[in-house]
Each structure stands twice: as structure tokens, then as C-alpha cells.
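Q: This structure is in C-alpha cells; I'll ask about it shortly.
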Amino acid sequence: MDDFVRPVRSLARHTPCDSIVALGRSLAEDFAHDPRAMATMFCVHCNRERPVEEFSWADGQAVGS
Ligand SMILES: [Zn+2]
């Protein structure tokens with residue numbers, strides 16, 4: 001049904017604290033299939049869940065867009 005293979009992005013930057021967050025493969029695939037699937041991501045540096053709007057992918061694209 002969906003033959004288009006999208007690259008799975010697994011590194012995101014939490015913009016407010018400027019740290020890189022590594023997503024587990026399953027979580028990264030969830031985002032690849034449905035970017036709006038999750039409202040928050042865990043930032044290790046902040047040690048708390050933060051809204052995905054505060055994150056951008058390593059390639060500069062906003063998470064959830
Ligand atoms: Zn952070």
C-alpha cells in the first residue's frame with residue numbers, strides 16, 4: 001500500500017537547550033509513519049517530557065511538520 005520508503009530520522013535537536021536527542025528506532029518509525037502521532041518527546045538534557053514543537057530534526061525540519 002505504501003511503497004514509498006521514507007528515511008527514518010532518529011536524531012532530533014531540542015532547540016531550547018540545544019541538545020541532541022536520539023530516538024529509539026520504533027519511535028523514529030512512528031514519527032516517520034505519522035509525524036503527529038505523539039505530542040511530547042523526552043529530552044535527556046532537560047530530564048522531562050517536552051512538546052514536540054520544541055524539537056527539530058538534525059536536517060533542520062521541525063518535528064511534527
Ligand atoms: Zn532539552
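Going by the C-alpha cells order, chains are called A, B, ..., each with residues numbered from 1, while ligands are numbered from 1 in the order shown.
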Please write out the residues within 6 Å of ligand 1 as a list in words, counting only C-alpha atoms and all ligand atoms.
A: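 The residues near ligand 1 are His14, Cys17, Cys43, His45 and Cys46 of chain A.
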Q: Can you tell me which residues surround segment 34-36 of chain A at a distance of at most 9 Å, considering only C-alpha atoms, apart from same-chain residues fewer than 4 positions away, and format the answer as number ranges by chain?
A: A: 29-30, 63-65
Q: Taking the backbone alone, and naming residues the way the document does, which bits of chain A are strand (DSSP E) by DSSP, as a PDB file with C-alpha atoms, in the first residue's frame?
A:
ATOM      1  CA  LEU A  11      18.191  12.328  15.795  1.00  0.00           C
ATOM      2  CA  ALA A  12      16.340  15.414  16.918  1.00  0.00           C
ATOM      3  CA  ARG A  13      17.540  18.632  18.492  1.00  0.00           C
ATOM      4  CA  HIS A  14      15.738  20.078  21.478  1.00  0.00           C
ATOM      5  CA  SER A  19      20.942  19.184  22.863  1.00  0.00           C
ATOM      6  CA  ILE A  20      20.588  16.207  20.530  1.00  0.00           C
ATOM      7  CA  VAL A  21      18.045  13.558  21.464  1.00  0.00           C
ATOM      8  CA  ALA A  22      18.332  10.075  19.997  1.00  0.00           C
ATOM      9  CA  THR A  40       5.732  15.051  23.514  1.00  0.00           C
ATOM     10  CA  MET A  41       9.266  13.695  23.420  1.00  0.00           C
ATOM     11  CA  PHE A  42      11.619  13.027  26.299  1.00  0.00           C
ATOM     12  CA  CYS A  43      14.667  15.286  26.474  1.00  0.00           C
ATOM     13  CA  ARG A  48      11.495  15.694  31.245  1.00  0.00           C
ATOM     14  CA  GLU A  49       8.885  15.368  28.521  1.00  0.00           C
ATOM     15  CA  ARG A  50       8.757  18.383  26.240  1.00  0.00           C
ATOM     16  CA  PRO A  51       6.279  19.276  23.456  1.00  0.00           C
ATOM     17  CA  PHE A  55      12.270  19.818  18.666  1.00  0.00           C
ATOM     18  CA  SER A  56      13.714  19.874  15.172  1.00  0.00           C
ATOM     19  CA  TRP A  57      15.326  17.086  13.176  1.00  0.00           C
TER      20      TRP A  57
END
Q: How far is it from atom CA of Ser26 of chain A to atom CA of Val52 of chain A, in Å with one decimal?
A: 16.5 Å
Q: If we count only C-alpha atoms and set the cut-off at 9 Å, which residues sit around Val8 of chain A, ignoring sequence neighbours fewer than 6 positions away in its own chain? Please answer as a PyMOL selection string.
A: chain A and resi 25+28-29+31-32
Q: Could you pull out all residues of chain A with a DSSP call of helix (DSSP H, G or I) and give them as an MDAnalysis selection string?
A: chainID A and resid 25:33 52:54
Q: Save out the residues we just selected, C-alpha atoms, as a PDB file, in the first residue's frame.
A:
ATOM      1  CA  ARG A  25      14.089   3.008  16.136  1.00  0.00           C
ATOM      2  CA  SER A  26      10.449   2.159  16.834  1.00  0.00           C
ATOM      3  CA  LEU A  27       9.740   5.703  17.988  1.00  0.00           C
ATOM      4  CA  ALA A  28      11.539   7.124  14.956  1.00  0.00           C
ATOM      5  CA  GLU A  29       9.461   4.861  12.705  1.00  0.00           C
ATOM      6  CA  ASP A  30       6.279   6.013  14.422  1.00  0.00           C
ATOM      7  CA  PHE A  31       7.221   9.573  13.581  1.00  0.00           C
ATOM      8  CA  ALA A  32       8.066   8.583  10.006  1.00  0.00           C
ATOM      9  CA  HIS A  33       4.661   6.984   9.554  1.00  0.00           C
ATOM     10  CA  VAL A  52       7.427  18.090  20.023  1.00  0.00           C
ATOM     11  CA  GLU A  53       7.110  21.678  18.793  1.00  0.00           C
ATOM     12  CA  GLU A  54      10.326  22.402  20.703  1.00  0.00           C
TER      13      GLU A  54
END
